[in-house]
Amino acid sequence: MEIKEAVLPKWQFKYLGRRFTLRKRRGERDGAWYLQTIINGERLSISMQVNDSKVAQAKAIREIIHPRMTGQPIPEDATVAKRLKPAGVVCLREVFNVFRASTQLRLKERTVYDYIWSMREVAKRGTGKDKWTDAEVDGLSANVLTRELVGKFQRAMLAEAGAGELEQNSAAISANSILSQARSLFGKRALAADIYAGLKLPELVGFMNAPKLPVLKRSQYELPAREVLTRITAAAEVLREKDPALWLVFYLAMQTGLRKGELIACRWGWFTEEGVKVKFEEDFVPKGKAERFIPLGKETVQTIRETWGPLHGRAYEGKDLGQVRVLQGNTDLLFRKLGEWMGVNGWDRRMKAHELRKVFASMVTKVNSVYSAQALLGHQDLKTTARYAAAPVPVAVDVAKALG
């Protein structure tokens, strides 16, 4: 007769992204639970001195796991129950891992990073744990994603800003942007692709539908003071000699009005002798899913080529430049340096590189109709373009003469 060894009772749970196991000693089925694990290289087998599995789990987290993994005790005002991952409900780390691994969405690596970073910001500020590490936040249950979390996040963002109207408005704009990116993890594309199949997500209606913060209504755009524009223009001449790579970013943004993402994606294959055409690429889809041509003139195109050649031409000598990007190297660093350079030269507005697109828009609307400007900027809504147009001055019109 075959004798089978009795299966020892065990209880498993997740905390801070790791799986832990509680076991009973052999012959002590009704005895205390023991935590058996390895933390920071130390093998542990510690009695929880209780028979209830959930109580033993809470005690293990509070007294052993959390202090040893984070180096600090659980705060008195944060009960273990708030941190535990309810049975079946995923933690944020699992959501992040699935989103990163998804191939259906075809998102840029930077976009994925921004969405996950934004969700961590909402979770940190919304739970009052802004000092937590990413690993700690990732271990939170997805059950924290509620309408209440959004409200606490928004209040935290406003509390950190200055008391002035502009400071509060800027904080509200930032909070809305971060929230939008965080919600994109559960956006229409992600859900339509069913990337979370097999994961048990909580009810997300409250989190997804919580209202954004109100912001000041956008008024007619006003160019920076003429002295600022003059100073920037003069400084650009010096910059071209001192740092031609940075000057090229400035010049492209000012002359083309391209968005930051378009500037980064811009290839030499987009250029003709007369201008630049924003195109579809394997790793780039134009905003609005429409291509557009921006006339620049032969002299401007030639200036761009003459500046780029000494910088990068040798590396691509004899090669087809069609798919070679115009902006080379660390583009994040280039745009950060551009913002710093503009600030040093008197540009005190919150936006820096994107503000150059607004300057382009204002200049275009002065020379062309607002409809032409809309086409050049790639705006889907004419109202967006109209913000950059100068207020019309009524003049007398002889309709009969005009028609004749």
# chains A, B, ... in the order shown; residues from 1 in each chain; ligands from 1

call {"tool": "select_by_dssp", "arguments": {"residues": "region 117-341 of chain A", "states": "strand (DSSP E or B)", "output": "MDAnalysis selection string"}}
result
chainID A and resid 141 200 267 271 275:278 281 284 292:295 325

call {"tool": "write_last_selection", "arguments": {"atoms": "N, CA, C and O atoms", "output": "PDB file, in the first residue's frame"}}
result
ATOM      1  N   SER A 141      -2.592  47.941  -4.548  1.00  0.00           N
ATOM      2  CA  SER A 141      -3.709  47.316  -5.244  1.00  0.00           C
ATOM      3  C   SER A 141      -4.334  48.309  -6.221  1.00  0.00           C
ATOM      4  O   SER A 141      -4.414  49.511  -5.944  1.00  0.00           O
ATOM      5  N   LYS A 200      -7.908  40.633 -13.273  1.00  0.00           N
ATOM      6  CA  LYS A 200      -9.117  41.123 -12.631  1.00  0.00           C
ATOM      7  C   LYS A 200      -8.912  42.577 -12.234  1.00  0.00           C
ATOM      8  O   LYS A 200      -8.222  42.892 -11.266  1.00  0.00           O
ATOM      9  N   ARG A 267      12.435  63.488 -40.685  1.00  0.00           N
ATOM     10  CA  ARG A 267      13.509  62.884 -41.482  1.00  0.00           C
ATOM     11  C   ARG A 267      13.891  63.809 -42.629  1.00  0.00           C
ATOM     12  O   ARG A 267      13.126  64.689 -43.016  1.00  0.00           O
ATOM     13  N   PHE A 271      11.921  66.585 -46.470  1.00  0.00           N
ATOM     14  CA  PHE A 271      12.280  67.869 -47.053  1.00  0.00           C
ATOM     15  C   PHE A 271      12.317  67.820 -48.579  1.00  0.00           C
ATOM     16  O   PHE A 271      12.738  66.834 -49.181  1.00  0.00           O
ATOM     17  N   GLY A 275      10.321  73.125 -48.995  1.00  0.00           N
ATOM     18  CA  GLY A 275       9.705  73.051 -47.670  1.00  0.00           C
ATOM     19  C   GLY A 275       9.811  71.675 -47.045  1.00  0.00           C
ATOM     20  O   GLY A 275      10.667  70.870 -47.414  1.00  0.00           O
ATOM     21  N   VAL A 276       8.927  71.402 -46.087  1.00  0.00           N
ATOM     22  CA  VAL A 276       8.947  70.133 -45.361  1.00  0.00           C
ATOM     23  C   VAL A 276       7.527  69.571 -45.293  1.00  0.00           C
ATOM     24  O   VAL A 276       6.563  70.310 -45.082  1.00  0.00           O
ATOM     25  N   LYS A 277       7.407  68.260 -45.497  1.00  0.00           N
ATOM     26  CA  LYS A 277       6.112  67.601 -45.456  1.00  0.00           C
ATOM     27  C   LYS A 277       6.088  66.611 -44.308  1.00  0.00           C
ATOM     28  O   LYS A 277       6.898  65.682 -44.255  1.00  0.00           O
ATOM     29  N   VAL A 278       5.175  66.812 -43.357  1.00  0.00           N
ATOM     30  CA  VAL A 278       5.011  65.894 -42.232  1.00  0.00           C
ATOM     31  C   VAL A 278       4.376  64.617 -42.764  1.00  0.00           C
ATOM     32  O   VAL A 278       3.281  64.658 -43.341  1.00  0.00           O
ATOM     33  N   GLU A 281       5.223  57.545 -40.666  1.00  0.00           N
ATOM     34  CA  GLU A 281       6.380  56.665 -40.585  1.00  0.00           C
ATOM     35  C   GLU A 281       5.980  55.426 -39.792  1.00  0.00           C
ATOM     36  O   GLU A 281       4.932  55.414 -39.148  1.00  0.00           O
ATOM     37  N   PHE A 284       5.791  56.659 -36.360  1.00  0.00           N
ATOM     38  CA  PHE A 284       5.219  57.991 -36.159  1.00  0.00           C
ATOM     39  C   PHE A 284       3.938  58.159 -36.961  1.00  0.00           C
ATOM     40  O   PHE A 284       3.891  57.854 -38.149  1.00  0.00           O
ATOM     41  N   ARG A 292       0.814  66.946 -44.009  1.00  0.00           N
ATOM     42  CA  ARG A 292       0.672  68.345 -44.416  1.00  0.00           C
ATOM     43  C   ARG A 292       2.022  68.881 -44.885  1.00  0.00           C
ATOM     44  O   ARG A 292       3.073  68.412 -44.435  1.00  0.00           O
ATOM     45  N   PHE A 293       1.971  69.842 -45.778  1.00  0.00           N
ATOM     46  CA  PHE A 293       3.186  70.440 -46.320  1.00  0.00           C
ATOM     47  C   PHE A 293       3.325  71.863 -45.799  1.00  0.00           C
ATOM     48  O   PHE A 293       2.361  72.636 -45.766  1.00  0.00           O
ATOM     49  N   ILE A 294       4.555  72.219 -45.389  1.00  0.00           N
ATOM     50  CA  ILE A 294       4.842  73.554 -44.877  1.00  0.00           C
ATOM     51  C   ILE A 294       5.894  74.195 -45.774  1.00  0.00           C
ATOM     52  O   ILE A 294       7.064  73.781 -45.769  1.00  0.00           O
ATOM     53  N   PRO A 295       5.519  75.175 -46.565  1.00  0.00           N
ATOM     54  CA  PRO A 295       6.500  75.837 -47.441  1.00  0.00           C
ATOM     55  C   PRO A 295       7.479  76.675 -46.621  1.00  0.00           C
ATOM     56  O   PRO A 295       7.075  77.386 -45.693  1.00  0.00           O
ATOM     57  N   ARG A 325      17.108  60.957 -39.302  1.00  0.00           N
ATOM     58  CA  ARG A 325      16.453  62.042 -38.575  1.00  0.00           C
ATOM     59  C   ARG A 325      17.303  63.320 -38.623  1.00  0.00           C
ATOM     60  O   ARG A 325      18.521  63.261 -38.531  1.00  0.00           O
TER      61      ARG A 325
END

call {"tool": "closest_residue", "arguments": {"among": "A:Cys266, A:Val95, A:Val144, A:Leu338", "to": "Asp243 (chain A)", "atoms": "only C-alpha atoms"}}
result
A:Leu338

call {"tool": "atom_distance", "arguments": {"atom1": "CA of Leu311 (chain A)", "atom2": "CA of His354 (chain A)"}}
result
24.3 Å

call {"tool": "residues_around", "arguments": {"residues": "Ala373 (chain A)", "least_positions_apart": "5", "cutoff": "8 Å", "atoms": "only C-alpha atoms", "output": "VMD selection string"}}
result
chain A and resid 361 364 to 365 368 385

call {"tool": "write_last_selection", "arguments": {"atoms": "N, CA and C atoms", "output": "PDB file, in the first residue's frame"}}
result
ATOM      1  N   ALA A 361       2.699  80.483 -35.452  1.00  0.00           N
ATOM      2  CA  ALA A 361       1.269  80.614 -35.764  1.00  0.00           C
ATOM      3  C   ALA A 361       0.850  82.066 -35.864  1.00  0.00           C
ATOM      4  N   VAL A 364       2.209  83.599 -39.093  1.00  0.00           N
ATOM      5  CA  VAL A 364       1.521  83.079 -40.279  1.00  0.00           C
ATOM      6  C   VAL A 364       0.159  83.732 -40.450  1.00  0.00           C
ATOM      7  N   THR A 365      -0.568  83.901 -39.333  1.00  0.00           N
ATOM      8  CA  THR A 365      -1.908  84.482 -39.438  1.00  0.00           C
ATOM      9  C   THR A 365      -1.864  85.956 -39.844  1.00  0.00           C
ATOM     10  N   ASN A 368      -1.020  85.264 -43.882  1.00  0.00           N
ATOM     11  CA  ASN A 368      -2.006  84.456 -44.593  1.00  0.00           C
ATOM     12  C   ASN A 368      -3.360  84.531 -43.900  1.00  0.00           C
ATOM     13  N   THR A 385      -6.790  77.642 -34.107  1.00  0.00           N
ATOM     14  CA  THR A 385      -5.953  78.532 -34.914  1.00  0.00           C
ATOM     15  C   THR A 385      -6.344  79.988 -34.710  1.00  0.00           C
TER      16      THR A 385
END

call {"tool": "closest_residue", "arguments": {"among": "A:Leu334, A:Ala197, A:Leu356, A:Leu179", "to": "Arg259 (chain A)", "atoms": "only C-alpha atoms"}}
result
A:Leu356

call {"tool": "closest_residue", "arguments": {"among": "A:Glu227, A:Glu94, A:Asp381, A:Glu222", "to": "Lys358 (chain A)", "atoms": "only C-alpha atoms"}}
result
A:Glu222

call {"tool": "closest_residue", "arguments": {"among": "A:Gln380, A:Gln323, A:Asn97, A:Ser170", "to": "Arg350 (chain A)", "atoms": "only C-alpha atoms"}}
result
A:Ser170

call {"tool": "decode", "arguments": {"residues": "region 340-376 of chain A", "atoms": "N, CA, C and O atoms", "output": "PDB file, in the first residue's frame"}}
result
ATOM      1  N   GLU A 340      16.222  76.037 -21.280  1.00  0.00           N
ATOM      2  CA  GLU A 340      17.121  76.770 -20.391  1.00  0.00           C
ATOM      3  C   GLU A 340      17.709  77.986 -21.105  1.00  0.00           C
ATOM      4  O   GLU A 340      17.805  79.074 -20.517  1.00  0.00           O
ATOM      5  N   TRP A 341      18.099  77.806 -22.372  1.00  0.00           N
ATOM      6  CA  TRP A 341      18.675  78.909 -23.141  1.00  0.00           C
ATOM      7  C   TRP A 341      17.654  80.029 -23.336  1.00  0.00           C
ATOM      8  O   TRP A 341      17.985  81.206 -23.188  1.00  0.00           O
ATOM      9  N   MET A 342      16.411  79.656 -23.645  1.00  0.00           N
ATOM     10  CA  MET A 342      15.374  80.664 -23.828  1.00  0.00           C
ATOM     11  C   MET A 342      15.119  81.418 -22.522  1.00  0.00           C
ATOM     12  O   MET A 342      14.918  82.633 -22.522  1.00  0.00           O
ATOM     13  N   GLY A 343      15.127  80.688 -21.398  1.00  0.00           N
ATOM     14  CA  GLY A 343      14.910  81.325 -20.104  1.00  0.00           C
ATOM     15  C   GLY A 343      16.003  82.331 -19.773  1.00  0.00           C
ATOM     16  O   GLY A 343      15.730  83.434 -19.280  1.00  0.00           O
ATOM     17  N   VAL A 344      17.246  81.965 -20.037  1.00  0.00           N
ATOM     18  CA  VAL A 344      18.376  82.857 -19.779  1.00  0.00           C
ATOM     19  C   VAL A 344      18.266  84.129 -20.608  1.00  0.00           C
ATOM     20  O   VAL A 344      18.682  85.214 -20.167  1.00  0.00           O
ATOM     21  N   ASN A 345      17.652  84.011 -21.779  1.00  0.00           N
ATOM     22  CA  ASN A 345      17.543  85.156 -22.680  1.00  0.00           C
ATOM     23  C   ASN A 345      16.201  85.871 -22.590  1.00  0.00           C
ATOM     24  O   ASN A 345      15.737  86.486 -23.552  1.00  0.00           O
ATOM     25  N   GLY A 346      15.579  85.781 -21.413  1.00  0.00           N
ATOM     26  CA  GLY A 346      14.412  86.607 -21.130  1.00  0.00           C
ATOM     27  C   GLY A 346      13.057  85.981 -21.355  1.00  0.00           C
ATOM     28  O   GLY A 346      12.032  86.625 -21.139  1.00  0.00           O
ATOM     29  N   TRP A 347      13.018  84.711 -21.798  1.00  0.00           N
ATOM     30  CA  TRP A 347      11.721  84.071 -22.043  1.00  0.00           C
ATOM     31  C   TRP A 347      11.188  83.564 -20.716  1.00  0.00           C
ATOM     32  O   TRP A 347      11.624  82.544 -20.204  1.00  0.00           O
ATOM     33  N   ASP A 348      10.214  84.256 -20.121  1.00  0.00           N
ATOM     34  CA  ASP A 348       9.745  83.917 -18.784  1.00  0.00           C
ATOM     35  C   ASP A 348       8.425  83.153 -18.770  1.00  0.00           C
ATOM     36  O   ASP A 348       7.839  82.928 -17.709  1.00  0.00           O
ATOM     37  N   ARG A 349       7.955  82.739 -19.935  1.00  0.00           N
ATOM     38  CA  ARG A 349       6.700  81.991 -19.976  1.00  0.00           C
ATOM     39  C   ARG A 349       6.942  80.525 -19.610  1.00  0.00           C
ATOM     40  O   ARG A 349       8.033  80.000 -19.764  1.00  0.00           O
ATOM     41  N   ARG A 350       5.857  79.879 -19.112  1.00  0.00           N
ATOM     42  CA  ARG A 350       5.974  78.485 -18.655  1.00  0.00           C
ATOM     43  C   ARG A 350       6.400  77.573 -19.786  1.00  0.00           C
ATOM     44  O   ARG A 350       7.257  76.709 -19.626  1.00  0.00           O
ATOM     45  N   MET A 351       5.785  77.744 -20.956  1.00  0.00           N
ATOM     46  CA  MET A 351       6.149  76.938 -22.116  1.00  0.00           C
ATOM     47  C   MET A 351       7.383  77.533 -22.776  1.00  0.00           C
ATOM     48  O   MET A 351       7.566  78.749 -22.782  1.00  0.00           O
ATOM     49  N   LYS A 352       8.222  76.691 -23.318  1.00  0.00           N
ATOM     50  CA  LYS A 352       9.431  77.169 -23.979  1.00  0.00           C
ATOM     51  C   LYS A 352       9.427  76.760 -25.453  1.00  0.00           C
ATOM     52  O   LYS A 352       9.050  77.535 -26.317  1.00  0.00           O
ATOM     53  N   ALA A 353       9.819  75.506 -25.745  1.00  0.00           N
ATOM     54  CA  ALA A 353       9.909  75.063 -27.138  1.00  0.00           C
ATOM     55  C   ALA A 353       8.550  75.164 -27.840  1.00  0.00           C
ATOM     56  O   ALA A 353       8.465  75.612 -28.989  1.00  0.00           O
ATOM     57  N   HIS A 354       7.477  74.767 -27.158  1.00  0.00           N
ATOM     58  CA  HIS A 354       6.159  74.808 -27.802  1.00  0.00           C
ATOM     59  C   HIS A 354       5.726  76.248 -28.070  1.00  0.00           C
ATOM     60  O   HIS A 354       4.918  76.500 -28.968  1.00  0.00           O
ATOM     61  N   GLU A 355       6.267  77.178 -27.307  1.00  0.00           N
ATOM     62  CA  GLU A 355       5.919  78.580 -27.512  1.00  0.00           C
ATOM     63  C   GLU A 355       6.397  79.064 -28.881  1.00  0.00           C
ATOM     64  O   GLU A 355       5.805  79.973 -29.478  1.00  0.00           O
ATOM     65  N   LEU A 356       7.458  78.459 -29.395  1.00  0.00           N
ATOM     66  CA  LEU A 356       7.950  78.837 -30.715  1.00  0.00           C
ATOM     67  C   LEU A 356       6.924  78.493 -31.796  1.00  0.00           C
ATOM     68  O   LEU A 356       6.824  79.180 -32.808  1.00  0.00           O
ATOM     69  N   ARG A 357       6.173  77.435 -31.579  1.00  0.00           N
ATOM     70  CA  ARG A 357       5.090  77.076 -32.506  1.00  0.00           C
ATOM     71  C   ARG A 357       4.014  78.153 -32.477  1.00  0.00           C
ATOM     72  O   ARG A 357       3.429  78.485 -33.510  1.00  0.00           O
ATOM     73  N   LYS A 358       3.778  78.715 -31.294  1.00  0.00           N
ATOM     74  CA  LYS A 358       2.772  79.768 -31.178  1.00  0.00           C
ATOM     75  C   LYS A 358       3.236  81.044 -31.882  1.00  0.00           C
ATOM     76  O   LYS A 358       2.432  81.756 -32.482  1.00  0.00           O
ATOM     77  N   VAL A 359       4.533  81.317 -31.770  1.00  0.00           N
ATOM     78  CA  VAL A 359       5.081  82.483 -32.477  1.00  0.00           C
ATOM     79  C   VAL A 359       4.929  82.291 -33.978  1.00  0.00           C
ATOM     80  O   VAL A 359       4.526  83.206 -34.707  1.00  0.00           O
ATOM     81  N   PHE A 360       5.251  81.085 -34.453  1.00  0.00           N
ATOM     82  CA  PHE A 360       5.077  80.767 -35.873  1.00  0.00           C
ATOM     83  C   PHE A 360       3.619  80.979 -36.281  1.00  0.00           C
ATOM     84  O   PHE A 360       3.328  81.587 -37.318  1.00  0.00           O
ATOM     85  N   ALA A 361       2.699  80.483 -35.452  1.00  0.00           N
ATOM     86  CA  ALA A 361       1.269  80.614 -35.764  1.00  0.00           C
ATOM     87  C   ALA A 361       0.850  82.066 -35.864  1.00  0.00           C
ATOM     88  O   ALA A 361       0.103  82.465 -36.773  1.00  0.00           O
ATOM     89  N   SER A 362       1.343  82.892 -34.939  1.00  0.00           N
ATOM     90  CA  SER A 362       0.984  84.308 -34.948  1.00  0.00           C
ATOM     91  C   SER A 362       1.511  85.009 -36.193  1.00  0.00           C
ATOM     92  O   SER A 362       0.819  85.831 -36.803  1.00  0.00           O
ATOM     93  N   MET A 363       2.732  84.684 -36.573  1.00  0.00           N
ATOM     94  CA  MET A 363       3.320  85.301 -37.756  1.00  0.00           C
ATOM     95  C   MET A 363       2.583  84.877 -39.031  1.00  0.00           C
ATOM     96  O   MET A 363       2.349  85.688 -39.932  1.00  0.00           O
ATOM     97  N   VAL A 364       2.209  83.599 -39.093  1.00  0.00           N
ATOM     98  CA  VAL A 364       1.521  83.079 -40.279  1.00  0.00           C
ATOM     99  C   VAL A 364       0.159  83.732 -40.450  1.00  0.00           C
ATOM    100  O   VAL A 364      -0.242  84.104 -41.562  1.00  0.00           O
ATOM    101  N   THR A 365      -0.568  83.901 -39.333  1.00  0.00           N
ATOM    102  CA  THR A 365      -1.908  84.482 -39.438  1.00  0.00           C
ATOM    103  C   THR A 365      -1.864  85.956 -39.844  1.00  0.00           C
ATOM    104  O   THR A 365      -2.845  86.495 -40.343  1.00  0.00           O
ATOM    105  N   LYS A 366      -0.728  86.616 -39.634  1.00  0.00           N
ATOM    106  CA  LYS A 366      -0.603  88.009 -40.061  1.00  0.00           C
ATOM    107  C   LYS A 366      -0.416  88.119 -41.572  1.00  0.00           C
ATOM    108  O   LYS A 366      -0.793  89.113 -42.184  1.00  0.00           O
ATOM    109  N   VAL A 367       0.199  87.091 -42.149  1.00  0.00           N
ATOM    110  CA  VAL A 367       0.519  87.127 -43.577  1.00  0.00           C
ATOM    111  C   VAL A 367      -0.534  86.396 -44.410  1.00  0.00           C
ATOM    112  O   VAL A 367      -0.895  86.841 -45.504  1.00  0.00           O
ATOM    113  N   ASN A 368      -1.020  85.264 -43.882  1.00  0.00           N
ATOM    114  CA  ASN A 368      -2.006  84.456 -44.593  1.00  0.00           C
ATOM    115  C   ASN A 368      -3.360  84.531 -43.900  1.00  0.00           C
ATOM    116  O   ASN A 368      -3.494  85.116 -42.835  1.00  0.00           O
ATOM    117  N   SER A 369      -4.353  83.888 -44.489  1.00  0.00           N
ATOM    118  CA  SER A 369      -5.658  83.797 -43.841  1.00  0.00           C
ATOM    119  C   SER A 369      -5.582  82.797 -42.700  1.00  0.00           C
ATOM    120  O   SER A 369      -4.668  81.969 -42.629  1.00  0.00           O
ATOM    121  N   VAL A 370      -6.554  82.854 -41.796  1.00  0.00           N
ATOM    122  CA  VAL A 370      -6.579  81.917 -40.678  1.00  0.00           C
ATOM    123  C   VAL A 370      -6.766  80.488 -41.182  1.00  0.00           C
ATOM    124  O   VAL A 370      -6.312  79.525 -40.557  1.00  0.00           O
ATOM    125  N   TYR A 371      -7.385  80.327 -42.353  1.00  0.00           N
ATOM    126  CA  TYR A 371      -7.578  78.984 -42.927  1.00  0.00           C
ATOM    127  C   TYR A 371      -6.251  78.407 -43.419  1.00  0.00           C
ATOM    128  O   TYR A 371      -5.990  77.207 -43.265  1.00  0.00           O
ATOM    129  N   SER A 372      -5.427  79.263 -43.990  1.00  0.00           N
ATOM    130  CA  SER A 372      -4.100  78.814 -44.422  1.00  0.00           C
ATOM    131  C   SER A 372      -3.258  78.419 -43.208  1.00  0.00           C
ATOM    132  O   SER A 372      -2.549  77.408 -43.211  1.00  0.00           O
ATOM    133  N   ALA A 373      -3.356  79.231 -42.154  1.00  0.00           N
ATOM    134  CA  ALA A 373      -2.609  78.933 -40.934  1.00  0.00           C
ATOM    135  C   ALA A 373      -3.059  77.605 -40.337  1.00  0.00           C
ATOM    136  O   ALA A 373      -2.239  76.819 -39.849  1.00  0.00           O
ATOM    137  N   GLN A 374      -4.364  77.351 -40.383  1.00  0.00           N
ATOM    138  CA  GLN A 374      -4.882  76.086 -39.862  1.00  0.00           C
ATOM    139  C   GLN A 374      -4.255  74.896 -40.583  1.00  0.00           C
ATOM    140  O   GLN A 374      -3.869  73.902 -39.966  1.00  0.00           O
ATOM    141  N   ALA A 375      -4.141  75.010 -41.899  1.00  0.00           N
ATOM    142  CA  ALA A 375      -3.562  73.917 -42.690  1.00  0.00           C
ATOM    143  C   ALA A 375      -2.079  73.728 -42.360  1.00  0.00           C
ATOM    144  O   ALA A 375      -1.600  72.593 -42.236  1.00  0.00           O
ATOM    145  N   LEU A 376      -1.343  74.828 -42.213  1.00  0.00           N
ATOM    146  CA  LEU A 376       0.086  74.736 -41.924  1.00  0.00           C
ATOM    147  C   LEU A 376       0.354  74.169 -40.536  1.00  0.00           C
ATOM    148  O   LEU A 376       1.320  73.434 -40.325  1.00  0.00           O
TER     149      LEU A 376
END
